[in-house]
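S.K.: So I've got this file, input25.txt, and it contains compact mmCIF, C-alpha atoms:
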# COMPACT_ATOMS: atom_id res chain seq x y z
CA MET B 55 26.57 69.52 -7.39
CA GLN B 56 27.69 66.10 -8.63
CA LEU B 57 27.67 63.57 -5.79
CA ALA B 58 27.14 60.30 -7.64
CA ASN B 59 30.42 58.70 -6.59
CA VAL B 60 30.76 60.06 -3.07
CA THR B 61 29.52 56.86 -1.48
CA THR B 62 32.12 54.63 -3.16
CA PRO B 63 33.06 52.03 -0.53
CA ILE B 64 36.47 52.13 1.12
CA ARG B 65 38.63 49.13 0.20
CA THR B 66 41.51 49.93 2.54
CA ASN B 67 44.04 47.30 3.54
CA ILE B 68 43.86 48.05 7.26
CA VAL B 69 47.23 46.56 8.18
CA ASP B 70 49.07 48.48 5.46
CA ILE B 71 47.48 51.76 6.51
CA ASP B 72 48.32 51.13 10.17
CA THR B 73 51.95 50.33 9.35
CA LEU B 74 52.29 53.28 7.00
CA LEU B 75 50.93 55.82 9.47
CA ALA B 76 52.96 54.39 12.32
CA SER B 77 56.15 54.97 10.32
CA GLU B 78 55.51 58.67 9.68
CA GLN B 79 55.36 61.71 11.93
CA SER B 80 53.39 64.92 12.39
CA THR B 81 52.44 66.72 9.16
CA GLU B 82 53.31 63.75 6.96
CA ARG B 83 51.13 61.46 9.05
CA VAL B 84 48.10 63.72 8.66
CA PHE B 85 48.56 64.12 4.92
CA ILE B 86 49.04 60.38 4.45
CA ALA B 87 45.82 59.66 6.35
CA ALA B 88 43.86 62.03 4.10
CA GLN B 89 45.55 60.80 0.94
CA ALA B 90 44.95 57.15 1.86
CA ALA B 91 41.24 57.82 2.37
CA LEU B 92 40.99 59.57 -1.00
CA ASP B 93 43.01 56.87 -2.78
CA GLU B 94 40.82 54.08 -1.50
CA SER B 95 37.60 55.84 -2.47
CA GLY B 96 38.94 56.84 -5.88
CA PHE B 97 38.77 60.59 -5.19
CA SER B 98 42.48 61.49 -5.26
CA GLU B 99 42.40 63.08 -8.69
CA GLN B 100 39.12 64.85 -7.91
CA CYS B 101 40.18 66.86 -4.86
CA PRO B 102 43.17 69.09 -5.81
CA HIS B 103 41.87 72.19 -4.01
CA TYR B 104 41.13 70.21 -0.87
CA LEU B 105 44.64 68.76 -0.84
CA ASP B 106 46.16 72.19 -1.44
CA ALA B 107 44.19 73.64 1.47
CA LEU B 108 45.22 70.74 3.72
CA GLY B 109 48.85 71.12 2.69
CA THR B 110 48.77 74.84 3.46
CA ALA B 111 47.11 74.26 6.84
CA LEU B 112 49.81 71.75 7.77
CA SER B 113 52.27 74.59 8.20
CA ALA B 114 50.86 74.51 11.74
CA SER B 115 52.14 71.12 12.85
CA PRO B 116 49.32 69.10 14.50
CA PRO B 117 50.13 68.01 18.06
CA TYR B 118 47.91 64.93 17.81
CA ALA B 119 50.24 63.49 15.15
CA SER B 120 53.47 64.03 17.09
CA GLN B 121 55.67 61.38 18.70
CA VAL B 122 55.41 63.16 22.07
CA TYR B 123 51.61 62.85 21.92
CA GLU B 124 51.78 59.19 20.91
CA ASP B 125 54.26 58.36 23.67
CA ALA B 126 52.04 60.05 26.25
CA TYR B 127 49.00 58.14 24.96
CA ARG B 128 50.89 54.85 25.15
CA GLU B 129 51.88 55.53 28.75
CA ALA B 130 48.35 56.53 29.78
CA SER B 131 46.69 53.60 28.00
CA ALA B 132 48.82 51.08 29.90
CA ASP B 133 46.48 51.74 32.84
CA ARG B 134 43.43 49.50 32.31
CA ARG B 135 41.13 51.82 34.27
CA TRP B 136 42.21 54.76 32.11
CA MET B 137 41.65 52.68 28.98
CA ALA B 138 38.15 51.71 30.12
CA ALA B 139 37.29 55.35 30.84
CA SER B 140 38.66 56.33 27.43
CA LEU B 141 36.41 53.80 25.67
CA LEU B 142 33.39 55.11 27.58
CA THR B 143 34.30 58.66 26.58
CA ASN B 144 34.60 57.58 22.95
CA SER B 145 31.17 55.98 23.14
CA TYR B 146 29.62 59.11 24.64
CA ARG B 147 31.17 61.44 22.07
CA GLU B 148 30.21 59.24 19.12
CA GLY B 149 26.61 59.23 20.33
CA GLU B 150 26.70 62.99 20.82
CA GLY B 151 28.20 63.47 17.35
CA ALA B 152 25.47 61.32 15.84
CA THR B 153 22.75 63.65 17.12
CA ARG B 154 24.53 66.69 15.66
CA LEU B 155 24.83 65.03 12.26
CA TRP B 156 21.21 63.87 12.40
CA SER B 157 20.01 67.45 12.92
CA LEU B 158 22.24 68.77 10.12
CA ALA B 159 20.97 66.05 7.80
CA ALA B 160 17.36 66.98 8.61
CA CYS B 161 18.05 70.54 7.42
CA ALA B 162 20.09 69.74 4.29
CA ASP B 163 18.41 70.91 1.08
CA ASP B 164 20.47 68.74 -1.28
CA PRO B 165 19.21 65.10 -1.23
CA GLY B 166 22.72 63.77 -1.87
CA ILE B 167 24.24 65.68 1.02
CA GLN B 168 21.31 64.72 3.23
CA ALA B 169 21.88 61.03 2.51
CA LEU B 170 25.60 61.31 3.28
CA LEU B 171 25.03 63.10 6.56
CA LYS B 172 22.34 60.63 7.54
CA GLN B 173 24.69 57.71 6.87
CA HIS B 174 27.41 59.44 8.87
CA ALA B 175 24.98 59.88 11.78
CA VAL B 176 24.02 56.20 11.62
CA ASP B 177 27.71 55.24 11.55
CA GLU B 178 28.47 57.28 14.67
CA SER B 179 25.38 55.93 16.41
CA ASN B 180 26.72 52.44 15.70
CA HIS B 181 30.20 53.44 16.84
CA ALA B 182 28.82 54.34 20.26
CA THR B 183 27.81 50.68 20.64
CA PHE B 184 31.09 49.44 19.10
CA TYR B 185 33.11 51.17 21.82
CA LEU B 186 30.96 49.53 24.49
CA ALA B 187 31.51 46.18 22.80
CA LEU B 188 35.27 46.83 22.80
CA LEU B 189 35.04 47.56 26.52
CA ASP B 190 33.30 44.24 27.11
CA LEU B 191 35.76 42.30 24.95
CA ALA B 192 39.11 43.88 25.78
CA LEU B 193 38.44 44.91 29.38
CA PRO B 194 35.70 42.61 30.69
CA HIS B 195 34.09 43.35 34.07
CA SER B 196 35.28 46.97 34.00
CA VAL B 197 31.77 48.16 34.90
CA ASP B 198 29.00 46.47 36.83
CA ASP B 199 25.95 45.02 35.08
CA GLU B 200 23.55 47.77 36.14
CA PHE B 201 25.80 50.56 34.89
CA ARG B 202 26.56 48.61 31.72
CA GLU B 203 22.83 48.46 30.95
CA GLN B 204 22.55 52.24 31.39
CA LEU B 205 25.41 52.74 28.94
CA ARG B 206 23.22 51.49 26.10
CA GLN B 207 21.60 54.92 26.13
CA LEU B 208 24.83 56.50 24.85
CA SER B 209 23.81 55.52 21.33
CA PRO B 210 20.71 57.21 19.88
CA GLY B 211 20.13 54.04 17.84
CA TYR B 212 19.68 55.73 14.45
CA THR B 213 19.03 53.67 11.32
CA MET B 214 18.73 54.59 7.64
CA ALA B 215 15.09 53.46 7.76
CA GLN B 216 14.17 56.21 10.24
CA SER B 217 12.80 59.58 9.18
CA LEU B 218 15.07 62.54 9.90
CA PHE B 219 14.16 65.18 12.47
CA ILE B 220 15.88 68.03 14.30
CA VAL B 221 16.95 66.83 17.73
CA GLU B 222 15.23 68.94 20.38
CA GLY B 223 17.44 71.75 21.59
CA SER B 224 20.16 71.06 19.04
CA PRO B 225 22.11 74.09 17.77
CA TYR B 226 22.71 72.08 14.59
CA GLY B 227 19.16 72.44 13.32
CA ARG B 228 20.36 74.41 10.30
CA ALA B 229 21.61 73.86 6.77
CA PRO B 230 25.18 72.49 6.63
CA THR B 231 27.94 74.71 5.22
CA ILE B 232 31.43 74.23 3.82
CA ASP B 233 32.73 75.26 7.25
CA ASP B 234 30.86 72.34 8.81
CA PHE B 235 32.42 69.87 6.37
CA ILE B 236 35.91 71.30 6.92
CA GLN B 237 35.51 70.83 10.67
CA MET B 238 34.17 67.30 10.15
CA ASN B 239 37.06 66.44 7.85
CA ILE B 240 39.74 67.62 10.28
CA ALA B 241 37.98 65.91 13.17
CA GLU B 242 37.79 62.63 11.26
CA ILE B 243 41.51 62.79 10.39
CA ARG B 244 42.31 63.41 14.04
CA THR B 245 40.03 60.54 15.05
CA THR B 246 41.75 58.25 12.53
CA LEU B 247 45.15 58.95 14.08
CA HIS B 248 43.78 58.46 17.59
CA HIS B 249 42.24 55.21 16.42
CA LEU B 250 45.61 53.87 15.29
CA MET B 251 47.08 54.56 18.74
CA GLN B 252 44.04 53.01 20.39
CA ARG B 253 44.11 49.82 18.38
CA ARG B 254 47.72 49.15 19.37
CA ALA B 255 46.83 49.77 23.02
CA LEU B 256 43.82 47.43 22.85
CA PHE B 257 45.79 44.70 21.11
CA ALA B 258 48.35 44.92 23.95
CA CYS B 259 45.80 44.45 26.74
CA CYS B 260 43.31 42.15 25.01
CA ASP B 261 42.96 38.44 25.78
CA GLU B 262 44.02 36.32 22.78
CA HIS B 263 40.59 34.67 22.61
CA ALA B 264 38.86 38.04 22.25
CA LEU B 265 41.43 39.44 19.81
CA PRO B 266 39.71 38.38 16.54
CA LYS B 267 36.46 40.12 17.56
CA VAL B 268 38.32 43.18 18.77
CA ARG B 269 40.26 43.38 15.50
CA LYS B 270 37.06 43.04 13.47
CA LEU B 271 35.40 45.92 15.34
CA LEU B 272 38.49 48.12 15.07
CA ASP B 273 38.79 47.42 11.34
CA ARG B 274 35.17 48.45 10.87
CA LEU B 275 35.76 51.64 12.83
CA LEU B 276 38.84 52.53 10.79
CA ARG B 277 37.08 51.89 7.49
CA ASP B 278 34.23 54.16 8.57
CA GLU B 279 36.58 56.93 9.71
CA LEU B 280 38.46 56.86 6.40
CA ARG B 281 35.19 56.90 4.48
CA HIS B 282 34.13 59.96 6.46
CA VAL B 283 37.42 61.68 5.60
CA SER B 284 36.93 60.95 1.90
CA TYR B 285 33.29 61.99 1.55
CA THR B 286 33.79 65.25 3.43
CA ALA B 287 36.88 66.00 1.33
CA LYS B 288 34.85 65.46 -1.85
CA LEU B 289 32.07 67.75 -0.60
CA ILE B 290 34.62 70.40 0.37
CA GLU B 291 36.05 70.22 -3.15
CA GLU B 292 32.60 70.50 -4.72
CA MET B 293 31.55 73.40 -2.49
CA SER B 294 34.83 75.29 -2.96
CA ALA B 295 33.75 76.17 -6.51
CA GLU B 296 31.08 78.43 -5.03
CA ALA B 297 32.89 79.47 -1.86
CA GLY B 298 36.14 80.33 -3.66
CA ILE B 299 39.62 78.85 -3.23
CA GLU B 300 40.91 81.69 -1.06
CA ARG B 301 38.03 81.29 1.40
CA LEU B 302 38.56 77.53 1.40
CA ILE B 303 42.23 77.88 2.32
CA ASP B 304 41.51 80.56 4.93
CA LEU B 305 38.78 78.50 6.58
CA PHE B 306 40.84 75.31 6.50
CA CYS B 307 43.84 77.01 8.12
CA ARG B 308 41.70 78.61 10.84
CA ARG B 309 39.83 75.42 11.67
CA PHE B 310 43.03 73.38 11.58
CA GLN B 311 44.53 75.74 14.15
CA ASP B 312 41.35 75.51 16.22
CA PHE B 313 41.74 71.74 16.44
CA ASN B 314 45.42 72.13 17.29
CA ASP B 315 44.53 74.50 20.13
CA ILE B 316 41.80 72.16 21.41
CA THR B 317 44.25 69.25 21.34
CA VAL B 318 46.91 71.20 23.26
CA ASP B 319 44.37 72.21 25.93
CA GLU B 320 43.14 68.62 26.28
CA PHE B 321 46.68 67.28 26.36
CA LYS B 322 47.54 69.55 29.30
CA GLN B 323 44.62 67.96 31.15
CA GLY B 324 45.69 64.43 30.22
CA VAL B 325 42.76 64.02 27.82
CA PHE B 326 43.13 62.25 24.46
CA ASP B 327 40.00 62.57 22.35
Is it possible to give me this structure as structure tokens?
M.R.:
Amino acid sequence: MQLANVTTPIRTNIVDIDTLLASEQSTERVFIAAQAALDESGFSEQCPHYLDALGTALSASPPYASQVYEDAYREASADRRWMAASLLTNSYREGEGATRLWSLAACADDPGIQALLKQHAVDESNHATFYLALLDLALPHSVDDEFREQLRQLSPGYTMAQSLFIVEGSPYGRAPTIDDFIQMNIAEIRTTLHHLMQRRALFACCDEHALPKVRKLLDRLLRDELRHVSYTAKLIEEMSAEAGIERLIDLFCRRFQDFNDITVDEFKQGVFD
């Protein structure tokens, strides 16, 4: 498997991407997010089967890219307490995701895939701290000092210098599969679209003196999310040669619907992940 160019850095113009996605709806918005990630990493011409599978899956319109969903998010995020809780939830889930990726990386046989998963785990470990920093900057004094200190534990603190290991009790202590990368890819696209809603909400409530730091953190988060979309797309393309195109499309459609169903269930409960 050729992975030499998978780590090409994202060079995305954040403002252009934000404006572009904000102007589109539903299926178009999802496809544009994926295409933008591939364009910026130079993979667009290298992932035809991935794009075909994504296009086929988009026959099931994703609720997290709809105007109704965005309007509901905007209304909920106007409540500062809700926004603070949302940032804490993001921090928790990024830290949790990091441990899953760390275990998968520890079991990957291919050194290239192992390195990519390890970097992804480190990114999400860092993101757990980024969301806490956004809480401090955009919504200061939302939690007391004692609780804020406890929140540091939400990040496992992974670094590239650490040796990999299977996290105790993790069900992800196994070799990664194409199914894993499809789920990661869809999740990262969904996260990217959530991020764009979140950044507008944070800009609206943030003090002007904190805005430059908030923008810098959000730009870093968006760049990472797009890079995760692009590397998983490239791996899906590479692995589809062995898995077969029909299986790729079938898996992509099933997992896409799974995420749609999860989103609908969460939406009914007023949860935006």
S.K.: Can you pull out the residues contacting B:His282? Cut-off 12 Å, using only C-alpha atoms, and skip same-chain residues under 6 positions away; I want them as an mmCIF file with C-alpha atoms, in the frame of the given file.
M.R.:
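After the write, out01.cif holds the following:
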data_model
loop_
_atom_site.group_PDB
_atom_site.id
_atom_site.type_symbol
_atom_site.label_atom_id
_atom_site.label_comp_id
_atom_site.auth_asym_id
_atom_site.auth_seq_id
_atom_site.Cartn_x
_atom_site.Cartn_y
_atom_site.Cartn_z
ATOM 1 C CA VAL B 60 30.760 60.060 -3.070
ATOM 2 C CA THR B 61 29.520 56.860 -1.480
ATOM 3 C CA THR B 62 32.120 54.630 -3.160
ATOM 4 C CA PRO B 63 33.060 52.030 -0.530
ATOM 5 C CA ILE B 64 36.470 52.130 1.120
ATOM 6 C CA ALA B 87 45.820 59.660 6.350
ATOM 7 C CA ALA B 88 43.860 62.030 4.100
ATOM 8 C CA ALA B 91 41.240 57.820 2.370
ATOM 9 C CA LEU B 92 40.990 59.570 -1.000
ATOM 10 C CA GLU B 94 40.820 54.080 -1.500
ATOM 11 C CA SER B 95 37.600 55.840 -2.470
ATOM 12 C CA LEU B 170 25.600 61.310 3.280
ATOM 13 C CA LEU B 171 25.030 63.100 6.560
ATOM 14 C CA LYS B 172 22.340 60.630 7.540
ATOM 15 C CA GLN B 173 24.690 57.710 6.870
ATOM 16 C CA HIS B 174 27.410 59.440 8.870
ATOM 17 C CA ALA B 175 24.980 59.880 11.780
ATOM 18 C CA VAL B 176 24.020 56.200 11.620
ATOM 19 C CA ASP B 177 27.710 55.240 11.550
ATOM 20 C CA GLU B 178 28.470 57.280 14.670
ATOM 21 C CA PHE B 235 32.420 69.870 6.370
ATOM 22 C CA ILE B 236 35.910 71.300 6.920
ATOM 23 C CA GLN B 237 35.510 70.830 10.670
ATOM 24 C CA MET B 238 34.170 67.300 10.150
ATOM 25 C CA ASN B 239 37.060 66.440 7.850
ATOM 26 C CA ILE B 240 39.740 67.620 10.280
ATOM 27 C CA ALA B 241 37.980 65.910 13.170
ATOM 28 C CA GLU B 242 37.790 62.630 11.260
ATOM 29 C CA ILE B 243 41.510 62.790 10.390
ATOM 30 C CA ARG B 244 42.310 63.410 14.040
ATOM 31 C CA THR B 245 40.030 60.540 15.050
ATOM 32 C CA THR B 246 41.750 58.250 12.530
ATOM 33 C CA LEU B 275 35.760 51.640 12.830
ATOM 34 C CA LEU B 276 38.840 52.530 10.790
ATOM 35 C CA LYS B 288 34.850 65.460 -1.850
ATOM 36 C CA LEU B 289 32.070 67.750 -0.600
#
S.K.: Do you know which residues lie at most 7 Å from (18.4, 69.8, 7.9), with coordinates as in the file and only C-alpha atoms counted, and could you write them as a count of residues only?
M.R.: 10
S.K.: Env of B:Lys322: 12 Å cut, atoms = only C-alpha atoms, seq-sep filter 5 positions within chain, self excluded. Answer as JSON, numbers by chain.
M.R.: {"B": [117, 123, 126, 315, 316, 317]}
S.K.: If we count all atoms listed in the file, what is near B:Glu222 at a cut-off of 12 Å, once residues fewer than 3 positions away on the same chain are taken out, given as a PDB file with C-alpha atoms, in the coordinates of the input?
M.R.:
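Ended up saving to part.pdb:
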ATOM      1  CA  THR B 153      22.750  63.650  17.120  1.00  0.00           C
ATOM      2  CA  ARG B 154      24.530  66.690  15.660  1.00  0.00           C
ATOM      3  CA  TRP B 156      21.210  63.870  12.400  1.00  0.00           C
ATOM      4  CA  SER B 157      20.010  67.450  12.920  1.00  0.00           C
ATOM      5  CA  PHE B 219      14.160  65.180  12.470  1.00  0.00           C
ATOM      6  CA  PRO B 225      22.110  74.090  17.770  1.00  0.00           C
ATOM      7  CA  TYR B 226      22.710  72.080  14.590  1.00  0.00           C
ATOM      8  CA  GLY B 227      19.160  72.440  13.320  1.00  0.00           C
TER       9      GLY B 227
END
S.K.: Which one of B:Leu218, B:Ile232, B:Cys259, B:Leu271 sits closest to B:Tyr104 if you count all atoms listed in the file?
M.R.: B:Ile232
S.K.: For stretch 138-143 of chain B, work out the shell of residues within 10 Å, counting only C-alpha atoms and skipping chain neighbours fewer than 6 positions away, then give it as a ChimeraX atom specification.
M.R.: /B:130-131,149,182-190,192-194,196-197,205,208,252,325-327
S.K.: Would you mind telling me which residue in B:Phe310, B:Tyr212, B:Phe97, B:Phe201 lies nearest to B:Ser179 when using all atoms listed in the file?
M.R.: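 The answer is B:Tyr212, which sits nearest to B:Ser179.
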S.K.: Select, from B:Pro230, B:Tyr146, B:Ala152, B:Arg128, the residue with the minimum atom-to-atom distance to B:Arg206, counting only C-alpha atoms.
M.R.: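 The shortest atom-to-atom distance to B:Arg206 comes from B:Tyr146.
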S.K.: Using only C-alpha atoms, can you tell me which of B:Thr110, B:Thr231, B:Ser209, B:Asn314 comes closest to B:Ile290?
M.R.: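 Between B:Thr110, B:Thr231, B:Ser209, B:Asn314, the residue approaching B:Ile290 most closely is B:Thr231.
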S.K.: Please write out, as lines of an AutoDock Vina configuration file, where the centre of an axis-aligned box around all listed atoms of stretch 237-253 of chain B lies and how long its edges are, in Å to one decimal, after adding 6 Å on each side.
M.R.:
center_x = 40.6
center_y = 60.3
center_z = 14.1
size_x = 24.9
size_y = 33.0
size_z = 24.5
S.K.: Of the residues B:Arg83, B:His103, B:Arg147, B:Arg269, which is the one nearest to B:Glu300, using all atoms listed in the file?
M.R.: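 Looking only at the distances to B:Glu300, the closest residue turns out to be B:His103.
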S.K.: Using Å and a single decimal, report how far atom CA of B:Val268 sits from atom CA of B:Leu256.
M.R.: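 Spanning atom CA of B:Leu256 to atom CA of B:Val268 is a straight-line distance of 8.1 Å.
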S.K.: So how many Å separate atom CA of B:Leu272 and atom CA of B:Glu148, to one decimal?
M.R.: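 So the answer is 14.4 Å.
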S.K.: Of the candidates B:Asp304, B:Tyr285, B:Ala295, B:His249, which one gets nearest to B:Asp233 if we count only C-alpha atoms?
M.R.: B:Asp304
